[in-house]
file model29.pdb (PDB, C-alpha atoms)
ATOM      1  CA  MET A   1      31.483  69.073  31.955
ATOM      2  CA  THR A   2      31.676  70.946  35.237
ATOM      3  CA  PRO A   3      28.978  69.762  37.688
ATOM      4  CA  PRO A   4      26.564  72.436  38.864
ATOM      5  CA  ALA A   5      27.195  74.082  42.240
ATOM      6  CA  GLY A   6      25.605  72.188  45.117
ATOM      7  CA  ARG A   7      26.095  68.730  43.589
ATOM      8  CA  GLY A   8      29.016  66.408  44.006
ATOM      9  CA  ARG A   9      31.260  68.237  46.417
ATOM     10  CA  PRO A  10      29.976  71.307  48.325
ATOM     11  CA  HIS A  11      30.673  74.702  46.823
ATOM     12  CA  PRO A  12      33.199  76.743  48.896
ATOM     13  CA  ALA A  13      30.906  79.758  48.862
ATOM     14  CA  ALA A  14      28.050  77.641  50.238
ATOM     15  CA  ASP A  15      30.260  76.355  53.032
ATOM     16  CA  ALA A  16      31.224  79.914  53.911
ATOM     17  CA  ARG A  17      27.572  81.006  54.038
ATOM     18  CA  LEU A  18      26.629  78.059  56.283
ATOM     19  CA  GLU A  19      29.531  78.816  58.620
ATOM     20  CA  GLU A  20      28.485  82.477  58.751
ATOM     21  CA  VAL A  21      24.895  81.485  59.595
ATOM     22  CA  ASP A  22      26.088  79.140  62.361
ATOM     23  CA  THR A  23      28.324  81.846  63.823
ATOM     24  CA  LEU A  24      25.528  84.399  63.765
ATOM     25  CA  ASP A  25      23.140  81.939  65.394
ATOM     26  CA  ALA A  26      25.666  81.205  68.137
ATOM     27  CA  ARG A  27      26.146  84.917  68.790
ATOM     28  CA  ARG A  28      22.408  85.434  69.080
ATOM     29  CA  PHE A  29      22.192  82.550  71.528
ATOM     30  CA  VAL A  30      24.977  83.984  73.700
ATOM     31  CA  ILE A  31      23.275  87.396  73.698
ATOM     32  CA  ALA A  32      20.001  85.723  74.734
ATOM     33  CA  ILE A  33      21.511  83.908  77.721
ATOM     34  CA  ARG A  34      23.326  87.083  78.820
ATOM     35  CA  ARG A  35      20.032  88.950  78.789
ATOM     36  CA  LEU A  36      18.440  86.161  80.794
ATOM     37  CA  ALA A  37      21.290  86.308  83.323
ATOM     38  CA  ASP A  38      20.747  90.064  83.725
ATOM     39  CA  SER A  39      17.000  89.503  84.172
ATOM     40  CA  LEU A  40      17.473  86.784  86.764
ATOM     41  CA  GLY A  41      20.002  88.865  88.695
ATOM     42  CA  TYR A  42      18.042  92.124  88.564
ATOM     43  CA  GLY A  43      17.551  93.590  92.021
ATOM     44  CA  THR A  44      19.685  91.085  93.895
ATOM     45  CA  ASP A  45      22.382  92.241  96.277
ATOM     46  CA  ARG A  46      25.933  91.963  94.931
ATOM     47  CA  SER A  47      27.652  93.932  97.675
ATOM     48  CA  ARG A  48      28.724  90.818  99.570
ATOM     49  CA  TYR A  49      31.446  90.189  97.025
ATOM     50  CA  LEU A  50      32.673  93.739  96.633
ATOM     51  CA  GLY A  51      35.549  95.401  98.497
ATOM     52  CA  SER A  52      37.559  93.036 100.677
ATOM     53  CA  GLY A  53      35.022  90.254 100.293
ATOM     54  CA  ILE A  54      35.131  89.247 103.987
ATOM     55  CA  ASP A  55      32.537  89.364 106.771
ATOM     56  CA  TYR A  56      33.092  90.312 110.410
ATOM     57  CA  VAL A  57      32.574  87.376 112.773
ATOM     58  CA  GLN A  58      33.827  88.327 116.248
ATOM     59  CA  SER A  59      36.510  90.073 118.278
ATOM     60  CA  ARG A  60      39.087  88.092 120.243
ATOM     61  CA  PRO A  61      42.103  88.894 122.455
ATOM     62  CA  TYR A  62      45.228  90.002 120.628
ATOM     63  CA  SER A  63      47.863  87.346 119.946
ATOM     64  CA  PRO A  64      51.489  87.950 118.924
ATOM     65  CA  GLY A  65      51.695  88.134 115.148
ATOM     66  CA  ASP A  66      48.231  89.650 114.629
ATOM     67  CA  SER A  67      48.115  92.666 112.344
ATOM     68  CA  VAL A  68      47.815  96.049 114.013
ATOM     69  CA  ARG A  69      45.272  97.004 111.363
ATOM     70  CA  ALA A  70      42.905  94.305 112.721
ATOM     71  CA  ILE A  71      42.705  95.831 116.229
ATOM     72  CA  ASP A  72      39.141  96.457 117.389
ATOM     73  CA  TRP A  73      39.612  99.793 119.138
ATOM     74  CA  ARG A  74      36.099  99.945 120.574
ATOM     75  CA  VAL A  75      36.381  96.603 122.368
ATOM     76  CA  THR A  76      39.982  97.447 123.363
ATOM     77  CA  ALA A  77      38.857 100.724 124.972
ATOM     78  CA  ARG A  78      36.002  99.023 126.817
ATOM     79  CA  THR A  79      37.987  96.047 128.166
ATOM     80  CA  GLN A  80      41.383  97.777 128.513
ATOM     81  CA  ARG A  81      42.894  94.818 126.657
ATOM     82  CA  TYR A  82      43.865  94.625 123.028
ATOM     83  CA  HIS A  83      41.348  92.797 120.822
ATOM     84  CA  VAL A  84      41.418  92.094 117.090
ATOM     85  CA  LYS A  85      38.589  91.476 114.650
ATOM     86  CA  ASP A  86      38.121  88.043 113.108
ATOM     87  CA  TYR A  87      36.782  87.875 109.561
ATOM     88  CA  GLU A  88      35.378  85.046 107.528
ATOM     89  CA  SER A  89      35.462  84.750 103.768
ATOM     90  CA  PRO A  90      32.008  84.386 102.196
ATOM     91  CA  ARG A  91      31.146  80.827 101.273
ATOM     92  CA  ARG A  92      31.404  80.181  97.577
ATOM     93  CA  ILE A  93      29.122  77.218  97.189
ATOM     94  CA  PRO A  94      29.774  75.286  93.960
ATOM     95  CA  VAL A  95      26.865  75.078  91.535
ATOM     96  CA  TYR A  96      26.140  72.109  89.272
ATOM     97  CA  LEU A  97      23.717  72.370  86.387
ATOM     98  CA  ILE A  98      22.372  68.949  85.433
ATOM     99  CA  VAL A  99      20.882  69.215  81.937
ATOM    100  CA  ASP A 100      18.721  66.385  80.602
ATOM    101  CA  THR A 101      19.974  65.715  77.052
ATOM    102  CA  SER A 102      17.697  62.753  76.323
ATOM    103  CA  ALA A 103      15.489  62.458  73.238
ATOM    104  CA  SER A 104      12.244  63.200  75.100
ATOM    105  CA  MET A 105      13.547  66.720  75.731
ATOM    106  CA  THR A 106      13.942  67.429  72.009
ATOM    107  CA  VAL A 107      10.468  66.305  70.889
ATOM    108  CA  SER A 108       8.159  69.315  70.790
ATOM    109  CA  SER A 109       4.641  70.394  69.892
ATOM    110  CA  THR A 110       5.591  74.089  70.154
ATOM    111  CA  ARG A 111       8.106  76.371  68.482
ATOM    112  CA  ARG A 112      10.642  75.837  71.270
ATOM    113  CA  SER A 113      11.440  72.381  72.588
ATOM    114  CA  LYS A 114      11.988  71.505  76.219
ATOM    115  CA  TYR A 115      15.670  71.072  75.450
ATOM    116  CA  ALA A 116      15.958  74.529  73.878
ATOM    117  CA  VAL A 117      14.338  76.143  76.927
ATOM    118  CA  ALA A 118      16.451  74.066  79.328
ATOM    119  CA  LEU A 119      19.699  75.056  77.633
ATOM    120  CA  HIS A 120      18.633  78.705  77.526
ATOM    121  CA  VAL A 121      17.854  78.646  81.247
ATOM    122  CA  ALA A 122      21.054  76.739  82.066
ATOM    123  CA  GLY A 123      23.180  79.318  80.267
ATOM    124  CA  GLY A 124      21.430  82.223  81.986
ATOM    125  CA  LEU A 125      21.728  80.611  85.405
ATOM    126  CA  ALA A 126      25.395  79.827  84.866
ATOM    127  CA  LEU A 127      26.283  83.426  84.011
ATOM    128  CA  ALA A 128      24.131  84.749  86.872
ATOM    129  CA  CYS A 129      25.911  82.459  89.339
ATOM    130  CA  LEU A 130      29.305  83.611  88.077
ATOM    131  CA  GLU A 131      28.249  87.191  88.840
ATOM    132  CA  ARG A 132      27.831  86.016  92.456
ATOM    133  CA  VAL A 133      31.328  84.471  92.381
ATOM    134  CA  SER A 134      29.946  80.927  92.577
ATOM    135  CA  PRO A 135      31.904  78.366  90.533
ATOM    136  CA  VAL A 136      29.680  76.633  87.975
ATOM    137  CA  GLY A 137      29.878  73.158  86.458
ATOM    138  CA  VAL A 138      27.598  71.066  84.261
ATOM    139  CA  VAL A 139      26.599  67.434  83.855
ATOM    140  CA  ALA A 140      24.718  66.078  80.826
ATOM    141  CA  ALA A 141      22.048  63.569  81.901
ATOM    142  CA  GLY A 142      21.951  61.437  78.778
ATOM    143  CA  ASP A 143      23.905  58.681  77.064
ATOM    144  CA  ARG A 144      26.830  60.966  76.300
ATOM    145  CA  GLU A 145      29.662  61.358  78.799
ATOM    146  CA  PHE A 146      29.760  65.082  79.426
ATOM    147  CA  ARG A 147      30.836  66.691  82.681
ATOM    148  CA  VAL A 148      32.625  69.953  83.402
ATOM    149  CA  ASP A 149      33.744  70.587  86.978
ATOM    150  CA  PRO A 150      32.825  73.939  88.585
ATOM    151  CA  SER A 151      34.986  76.923  87.719
ATOM    152  CA  LEU A 152      34.766  80.707  87.609
ATOM    153  CA  SER A 153      35.697  80.884  83.930
ATOM    154  CA  ARG A 154      33.079  82.648  81.816
ATOM    155  CA  ASP A 155      34.737  81.412  78.631
ATOM    156  CA  ARG A 156      34.502  77.837  79.853
ATOM    157  CA  VAL A 157      30.795  78.236  80.603
ATOM    158  CA  LEU A 158      30.091  79.663  77.162
ATOM    159  CA  GLN A 159      32.090  76.834  75.607
ATOM    160  CA  TRP A 160      30.027  74.043  77.186
ATOM    161  CA  VAL A 161      26.763  75.877  76.580
ATOM    162  CA  LEU A 162      27.514  76.097  72.867
ATOM    163  CA  GLU A 163      28.756  72.491  72.770
ATOM    164  CA  LEU A 164      25.518  71.214  74.305
ATOM    165  CA  ARG A 165      23.490  72.845  71.534
ATOM    166  CA  SER A 166      24.248  69.752  69.468
ATOM    167  CA  TYR A 167      21.907  66.881  70.299
ATOM    168  CA  ARG A 168      20.505  63.590  69.007
ATOM    169  CA  PHE A 169      16.885  62.580  68.547
ATOM    170  CA  ASP A 170      17.606  59.046  69.778
ATOM    171  CA  GLU A 171      19.640  59.733  72.919
ATOM    172  CA  GLY A 172      18.524  57.699  75.919
ATOM    173  CA  THR A 173      17.941  59.095  79.383
ATOM    174  CA  ALA A 174      20.390  58.539  82.233
ATOM    175  CA  LEU A 175      19.176  61.161  84.723
ATOM    176  CA  GLY A 176      19.040  58.823  87.703
ATOM    177  CA  HIS A 177      22.412  57.259  86.883
ATOM    178  CA  ARG A 178      24.135  60.631  86.419
ATOM    179  CA  LEU A 179      22.714  61.964  89.678
ATOM    180  CA  VAL A 180      23.958  58.897  91.557
ATOM    181  CA  GLU A 181      27.420  59.338  90.026
ATOM    182  CA  LEU A 182      27.441  63.020  90.950
ATOM    183  CA  ARG A 183      26.333  62.333  94.520
ATOM    184  CA  GLN A 184      29.175  59.871  95.019
ATOM    185  CA  SER A 185      31.759  62.363  93.752
ATOM    186  CA  LEU A 186      30.715  65.440  95.769
ATOM    187  CA  SER A 187      32.995  66.176  98.706
ATOM    188  CA  GLN A 188      31.214  69.306  99.973
ATOM    189  CA  ARG A 189      27.722  70.701 100.114
ATOM    190  CA  SER A 190      26.706  72.019  96.700
ATOM    191  CA  LEU A 191      23.800  73.629  94.900
ATOM    192  CA  LEU A 192      22.343  71.360  92.226
ATOM    193  CA  LEU A 193      20.007  72.771  89.584
ATOM    194  CA  VAL A 194      18.360  70.005  87.571
ATOM    195  CA  LEU A 195      16.694  70.850  84.246
ATOM    196  CA  SER A 196      14.686  67.871  83.024
ATOM    197  CA  ASP A 197      11.213  66.683  82.044
ATOM    198  CA  LEU A 198      11.648  64.027  84.790
ATOM    199  CA  HIS A 199      10.488  61.183  82.566
ATOM    200  CA  ASP A 200      13.056  58.926  84.231
ATOM    201  CA  PRO A 201      11.472  57.480  87.424
ATOM    202  CA  SER A 202      14.912  56.744  88.872
ATOM    203  CA  GLY A 203      15.722  60.431  88.505
ATOM    204  CA  VAL A 204      13.079  61.438  91.044
ATOM    205  CA  ARG A 205      14.405  58.859  93.527
ATOM    206  CA  ALA A 206      17.949  60.126  93.055
ATOM    207  CA  LEU A 207      16.797  63.729  93.558
ATOM    208  CA  LYS A 208      15.182  62.810  96.862
ATOM    209  CA  LEU A 209      18.452  61.293  98.108
ATOM    210  CA  LEU A 210      20.460  64.317  96.977
ATOM    211  CA  GLY A 211      18.031  66.633  98.752
ATOM    212  CA  GLN A 212      19.099  65.122 102.085
ATOM    213  CA  GLU A 213      22.710  66.222 101.620
ATOM    214  CA  HIS A 214      22.693  69.182  99.226
ATOM    215  CA  ASP A 215      20.635  72.162  98.112
ATOM    216  CA  VAL A 216      18.650  70.822  95.173
ATOM    217  CA  ILE A 217      16.239  72.557  92.805
ATOM    218  CA  ALA A 218      14.316  70.693  90.113
ATOM    219  CA  LEU A 219      13.207  72.775  87.145
ATOM    220  CA  GLN A 220      10.787  70.511  85.297
ATOM    221  CA  LEU A 221      10.340  71.290  81.600
ATOM    222  CA  GLN A 222       6.877  70.585  80.242
ATOM    223  CA  ASP A 223       5.455  70.536  76.732
ATOM    224  CA  PRO A 224       1.710  71.354  76.557
ATOM    225  CA  ALA A 225       1.098  68.061  74.724
ATOM    226  CA  GLU A 226       2.196  66.217  77.869
ATOM    227  CA  LEU A 227      -0.936  67.447  79.612
ATOM    228  CA  GLY A 228      -3.065  65.531  77.106
ATOM    229  CA  LEU A 229      -4.217  65.931  73.523
ATOM    230  CA  GLY A 230      -7.706  67.383  73.386
ATOM    231  CA  ARG A 231     -10.306  65.779  71.085
ATOM    232  CA  VAL A 232      -8.083  62.751  70.530
ATOM    233  CA  GLY A 233      -9.224  59.225  71.410
ATOM    234  CA  PHE A 234      -6.952  56.196  71.418
ATOM    235  CA  LEU A 235      -3.601  56.629  69.693
ATOM    236  CA  ARG A 236      -0.444  54.649  69.078
ATOM    237  CA  GLY A 237       2.854  56.288  69.923
ATOM    238  CA  GLN A 238       6.557  55.563  70.055
ATOM    239  CA  GLU A 239       8.862  56.408  72.931
ATOM    240  CA  ALA A 240      11.594  58.714  71.606
ATOM    241  CA  GLU A 241      14.484  57.289  73.630
ATOM    242  CA  THR A 242      13.810  53.532  73.503
ATOM    243  CA  GLY A 243      11.713  53.167  70.348
ATOM    244  CA  ARG A 244       9.091  51.241  72.344
ATOM    245  CA  THR A 245       5.567  51.518  70.887
ATOM    246  CA  PHE A 246       2.503  51.906  73.092
ATOM    247  CA  VAL A 247      -1.199  52.678  72.998
ATOM    248  CA  THR A 248      -2.684  55.495  75.068
ATOM    249  CA  THR A 249      -5.481  58.068  75.034
ATOM    250  CA  GLY A 250      -5.314  61.743  74.230
ATOM    251  CA  ARG A 251      -6.676  62.645  77.647
ATOM    252  CA  GLN A 252      -3.859  60.917  79.521
ATOM    253  CA  SER A 253      -1.148  63.059  81.107
ATOM    254  CA  TRP A 254       2.445  61.886  80.715
ATOM    255  CA  VAL A 255       3.881  63.117  84.023
ATOM    256  CA  ASP A 256       1.816  64.535  86.893
ATOM    257  CA  PRO A 257       3.844  67.570  88.060
ATOM    258  CA  LEU A 258       1.771  67.944  91.233
ATOM    259  CA  LEU A 259       2.587  64.382  92.295
ATOM    260  CA  VAL A 260       6.262  64.926  91.495
ATOM    261  CA  GLU A 261       6.271  68.202  93.431
ATOM    262  CA  ARG A 262       4.768  66.570  96.534
ATOM    263  CA  GLU A 263       7.364  63.796  96.450
ATOM    264  CA  LEU A 264      10.277  66.181  96.018
ATOM    265  CA  ARG A 265       9.160  68.718  98.601
ATOM    266  CA  LYS A 266       8.943  65.986 101.238
ATOM    267  CA  ALA A 267      12.648  65.409 100.612
ATOM    268  CA  GLY A 268      13.513  69.111 100.757
ATOM    269  CA  VAL A 269      13.839  69.551  97.006
ATOM    270  CA  ASP A 270      12.372  72.739  95.532
ATOM    271  CA  HIS A 271      10.376  72.257  92.347
ATOM    272  CA  LEU A 272       9.173  74.536  89.550
ATOM    273  CA  VAL A 273       7.438  73.682  86.268
ATOM    274  CA  LEU A 274       8.505  75.640  83.180
ATOM    275  CA  ARG A 275       6.160  75.233  80.224
ATOM    276  CA  THR A 276       7.529  75.704  76.733
ATOM    277  CA  ASP A 277       4.458  77.635  75.559
ATOM    278  CA  GLN A 278       4.427  80.226  78.360
ATOM    279  CA  PRO A 279       6.709  83.094  79.487
ATOM    280  CA  PHE A 280       8.880  81.921  82.354
ATOM    281  CA  VAL A 281      11.466  84.616  83.200
ATOM    282  CA  ALA A 282       9.406  86.484  85.813
ATOM    283  CA  ARG A 283       8.272  83.253  87.510
ATOM    284  CA  LEU A 284      11.785  81.851  87.520
ATOM    285  CA  ARG A 285      13.265  85.069  88.924
ATOM    286  CA  HIS A 286      10.674  85.184  91.730
ATOM    287  CA  PHE A 287      11.197  81.484  92.466
ATOM    288  CA  LEU A 288      14.984  81.842  92.731
ATOM    289  CA  SER A 289      14.940  85.120  94.675
ATOM    290  CA  SER A 290      12.474  83.729  97.227
ATOM    291  CA  ARG A 291      14.976  80.958  97.924
ATOM    292  CA  GLY A 292      18.035  83.196  97.949
ATOM    293  CA  VAL A 293      19.728  81.263  95.156
ATOM    294  CA  LEU A 294      21.281  84.289  93.450
ATOM    295  CA  SER A 295      21.826  86.386  96.588
ATOM    296  CA  GLY A 296      25.368  86.011  97.845
ATOM    297  CA  GLY A 297      26.032  82.783  95.963
ATOM    298  CA  ALA A 298      24.657  80.430  98.614
ATOM    299  CA  ARG A 299      21.331  79.483 100.009
TER     300      ARG A 299
END

call {"tool": "encode", "arguments": {"input": "model29.pdb", "output": "structure tokens"}}
result
Amino acid sequence: MTPPAGRGRPHPAADARLEEVDTLDARRFVIAIRRLADSLGYGTDRSRYLGSGIDYVQSRPYSPGDSVRAIDWRVTARTQRYHVKDYESPRRIPVYLIVDTSASMTVSSTRRSKYAVALHVAGGLALACLERVSPVGVVAAGDREFRVDPSLSRDRVLQWVLELRSYRFDEGTALGHRLVELRQSLSQRSLLLVLSDLHDPSGVRALKLLGQEHDVIALQLQDPAELGLGRVGFLRGQEAETGRTFVTTGRQSWVDPLLVERELRKAGVDHLVLRTDQPFVARLRHFLSSRGVLSGGAR
């Protein structure tokens, strides 16, 4: 007797339908992050990277071997000596997106988890930075070893964004450890965008150290349940990453974002809370534009 479809081994037609659904879902996700990139970059100045892509710095006396096209005729006429213009290429500051992939990011009381929002924002920021000719890399701040060095490849960005869509519900946090590793490997000043719920205390300490040497922005993801569970007394819970059980009250807040913000700002680290149950695009765009993050590729 032939076993019914769906039992024993998977039916080929079912596999094809699942693959088609996955492909469609991936396409929708890519479209969503492209729209976010356009929204974040709306109204910012892109002219710095158009044309020759160089900025005038000064005029200096002509030296043998200088191009005739570089002669500054105004200064030459005024001083009666040949002068040439010096130009400087715009600084392309590398951008690192540090995405918290730990289990606490995937637990959610709303339709979208902190991890889903973080990955959406990371993809949009990556594409927006590429539009400003800033090389983009990524580091996963969880148990998994995942790091992609900065590049200007759009295909590479889309590849790691789609790869990070896979996650585990038991992955431990390593935010502080990953930030320390990254700090030790950086040879030039960089822009670091951290997307995390900041449940790892060592992560805040590492951010404060990084803020002394680099441009650092902490985008803290927050689930509304972390602010407290109304009308709930004592409850027993289990920590997603370690499995540790604990007793708390529904009125207790998990992480005080105001306290975290004060600590980070003292160290020169910008901080913004993104709640999973509220629109965030307009706030994020204003936050980034006020700090010049997406204008010219450097702060």

call {"tool": "residues_around", "arguments": {"input": "model29.pdb", "residues": "region 63-66 of chain A", "least_positions_apart": "4", "cutoff": "10 Å", "atoms": "all atoms listed in the file", "output": "PyMOL selection string"}}
result
chain A and resi 70-71+82-85

call {"tool": "write_last_selection", "arguments": {"input": "model29.pdb", "atoms": "C-alpha atoms", "output": "CSV table (one decimal), in the frame of the given file"}}
result
chain,number,residue,atom,x,y,z
A,70,ALA,CA,42.9,94.3,112.7
A,71,ILE,CA,42.7,95.8,116.2
A,82,TYR,CA,43.9,94.6,123.0
A,83,HIS,CA,41.3,92.8,120.8
A,84,VAL,CA,41.4,92.1,117.1
A,85,LYS,CA,38.6,91.5,114.6

call {"tool": "closest_residue", "arguments": {"input": "model29.pdb", "among": "A:Pro257, A:Gly268, A:Gly123, A:Gly292", "to": "Leu210 (chain A)", "atoms": "only C-alpha atoms"}}
result
A:Gly268

call {"tool": "closest_atom_pairs", "arguments": {"input": "model29.pdb", "of": "region 156-180 of chain A", "to": "region 127-137 of chain A", "cutoff": "12 Å", "atoms": "all atoms listed in the file", "output": "Markdown table"}}
result
| residue | atom | partner | partner_atom | distance |
| --- | --- | --- | --- | --- |
| A:Arg156 | CA | A:Gly137 | CA | 9.3 |
| A:Val157 | CA | A:Val136 | CA | 7.6 |
| A:Leu158 | CA | A:Leu127 | CA | 8.7 |
| A:Gln159 | CA | A:Gly137 | CA | 11.7 |
| A:Trp160 | CA | A:Gly137 | CA | 9.3 |
| A:Val161 | CA | A:Leu127 | CA | 10.6 |

call {"tool": "closest_residue", "arguments": {"input": "model29.pdb", "among": "A:Tyr96, A:Phe146, A:Phe29, A:Tyr62", "to": "Val194 (chain A)", "atoms": "all atoms listed in the file"}}
result
A:Tyr96

call {"tool": "residues_around", "arguments": {"input": "model29.pdb", "residues": "Met105 (chain A)", "least_positions_apart": "5", "cutoff": "8 Å", "atoms": "only C-alpha atoms", "output": "PDB file with C-alpha atoms, in the frame of the given file"}}
result
ATOM      1  CA  ASP A 100      18.721  66.385  80.602  1.00  0.00           C
ATOM      2  CA  SER A 113      11.440  72.381  72.588  1.00  0.00           C
ATOM      3  CA  LYS A 114      11.988  71.505  76.219  1.00  0.00           C
ATOM      4  CA  TYR A 115      15.670  71.072  75.450  1.00  0.00           C
ATOM      5  CA  SER A 196      14.686  67.871  83.024  1.00  0.00           C
ATOM      6  CA  ASP A 197      11.213  66.683  82.044  1.00  0.00           C
TER       7      ASP A 197
END

call {"tool": "residues_around", "arguments": {"input": "model29.pdb", "residues": "Phe280 (chain A)", "least_positions_apart": "6", "cutoff": "12 Å", "atoms": "only C-alpha atoms", "output": "ChimeraX atom specification"}}
result
/A:36,39-40,117-118,120-121,219-222,272-274,286-287

call {"tool": "atom_distance", "arguments": {"input": "model29.pdb", "atom1": "CA of His214 (chain A)", "atom2": "CA of Val138 (chain A)"}}
result
15.9 Å

call {"tool": "atom_distance", "arguments": {"input": "model29.pdb", "atom1": "CA of Val99 (chain A)", "atom2": "CA of Ser151 (chain A)"}}
result
17.1 Å

call {"tool": "atom_distance", "arguments": {"input": "model29.pdb", "atom1": "CA of Val293 (chain A)", "atom2": "CA of Leu259 (chain A)"}}
result
24.2 Å

call {"tool": "closest_residue", "arguments": {"input": "model29.pdb", "among": "A:Tyr87, A:Gly176, A:Arg147, A:Leu192", "to": "Glu163 (chain A)", "atoms": "only C-alpha atoms"}}
result
A:Arg147

call {"tool": "closest_residue", "arguments": {"input": "model29.pdb", "among": "A:Leu164, A:Leu152, A:Val75, A:Ala267", "to": "Arg205 (chain A)", "atoms": "all atoms listed in the file"}}
result
A:Ala267

call {"tool": "closest_residue", "arguments": {"input": "model29.pdb", "among": "A:Ala225, A:Leu191, A:Arg275, A:Arg28", "to": "Leu294 (chain A)", "atoms": "only C-alpha atoms"}}
result
A:Leu191

call {"tool": "closest_atom_pairs", "arguments": {"input": "model29.pdb", "of": "region 83-144 of chain A", "to": "region 167-171 of chain A", "cutoff": "10 Å", "atoms": "only C-alpha atoms", "output": "tab-separated table"}}
result
residue	atom	partner	partner_atom	distance
A:Thr101	CA	A:Tyr167	CA	7.1
A:Ser102	CA	A:Glu171	CA	4.9
A:Ala103	CA	A:Phe169	CA	4.9
A:Ser104	CA	A:Phe169	CA	8.1
A:Met105	CA	A:Phe169	CA	8.9
A:Thr106	CA	A:Phe169	CA	6.6
A:Val107	CA	A:Phe169	CA	7.8
A:Tyr115	CA	A:Tyr167	CA	9.1
A:Gly142	CA	A:Glu171	CA	6.5
A:Asp143	CA	A:Glu171	CA	6.0
A:Arg144	CA	A:Glu171	CA	8.0

call {"tool": "closest_residue", "arguments": {"input": "model29.pdb", "among": "A:Leu179, A:Val57, A:Val269, A:Leu162", "to": "Lys208 (chain A)", "atoms": "all atoms listed in the file"}}
result
A:Val269

call {"tool": "resolve_selection", "arguments": {"input": "model29.pdb", "expression": "the PyMOL selection byres ((chain A and resi 190) around 12)", "output": "PyMOL selection string"}}
result
chain A and resi 91-97+134-137+150+182-183+185-189+191-193+210-217+293+297-299

call {"tool": "decode", "arguments": {"input": "model29.pdb", "residues": "region 105-156 of chain A", "atoms": "C-alpha atoms", "output": "short mmCIF file (atom, residue, chain, number, x, y, z; two decimals), in the first residue's frame"}}
result
data_model
loop_
_atom_site.label_atom_id
_atom_site.label_comp_id
_atom_site.auth_asym_id
_atom_site.auth_seq_id
_atom_site.Cartn_x
_atom_site.Cartn_y
_atom_site.Cartn_z
CA MET A 105 15.75 39.06 21.68
CA THR A 106 13.44 36.41 20.22
CA VAL A 107 10.98 36.19 23.13
CA SER A 108 8.06 38.51 22.46
CA SER A 109 4.71 39.64 23.84
CA THR A 110 3.85 41.43 20.57
CA ARG A 111 3.47 40.43 16.94
CA ARG A 112 7.07 41.41 16.16
CA SER A 113 9.93 40.34 18.39
CA LYS A 114 12.89 42.49 19.33
CA TYR A 115 15.04 40.36 17.06
CA ALA A 116 12.73 40.84 14.07
CA VAL A 117 12.79 44.63 14.54
CA ALA A 118 16.56 44.65 15.09
CA LEU A 119 17.23 42.69 11.90
CA HIS A 120 14.83 44.90 9.94
CA VAL A 121 16.60 48.03 11.19
CA ALA A 122 20.05 46.52 10.60
CA GLY A 123 19.21 45.72 6.99
CA GLY A 124 17.80 49.19 6.36
CA LEU A 125 20.79 50.89 7.96
CA ALA A 126 23.23 48.75 6.00
CA LEU A 127 21.69 49.66 2.64
CA ALA A 128 21.41 53.33 3.64
CA CYS A 129 25.10 53.41 4.58
CA LEU A 130 26.05 51.82 1.26
CA GLU A 131 24.22 54.66 -0.50
CA ARG A 132 26.66 56.99 1.30
CA VAL A 133 29.61 54.88 0.09
CA SER A 134 30.40 53.67 3.61
CA PRO A 135 31.60 50.05 3.80
CA VAL A 136 29.36 47.96 6.06
CA GLY A 137 30.12 44.90 8.17
CA VAL A 138 28.23 42.92 10.79
CA VAL A 139 28.95 41.06 14.01
CA ALA A 140 26.48 38.68 15.68
CA ALA A 141 26.50 39.15 19.47
CA GLY A 142 25.49 35.65 20.51
CA ASP A 143 26.97 32.19 20.90
CA ARG A 144 27.42 31.75 17.16
CA GLU A 145 30.62 32.88 15.46
CA PHE A 146 29.40 35.27 12.81
CA ARG A 147 31.36 38.25 11.53
CA VAL A 148 31.51 39.87 8.11
CA ASP A 149 34.13 42.57 7.57
CA PRO A 150 33.00 45.90 6.04
CA SER A 151 32.57 46.02 2.28
CA LEU A 152 30.67 47.99 -0.34
CA SER A 153 28.97 44.90 -1.76
CA ARG A 154 25.18 45.12 -1.70
CA ASP A 155 24.89 41.42 -2.49
CA ARG A 156 27.08 40.58 0.49
#
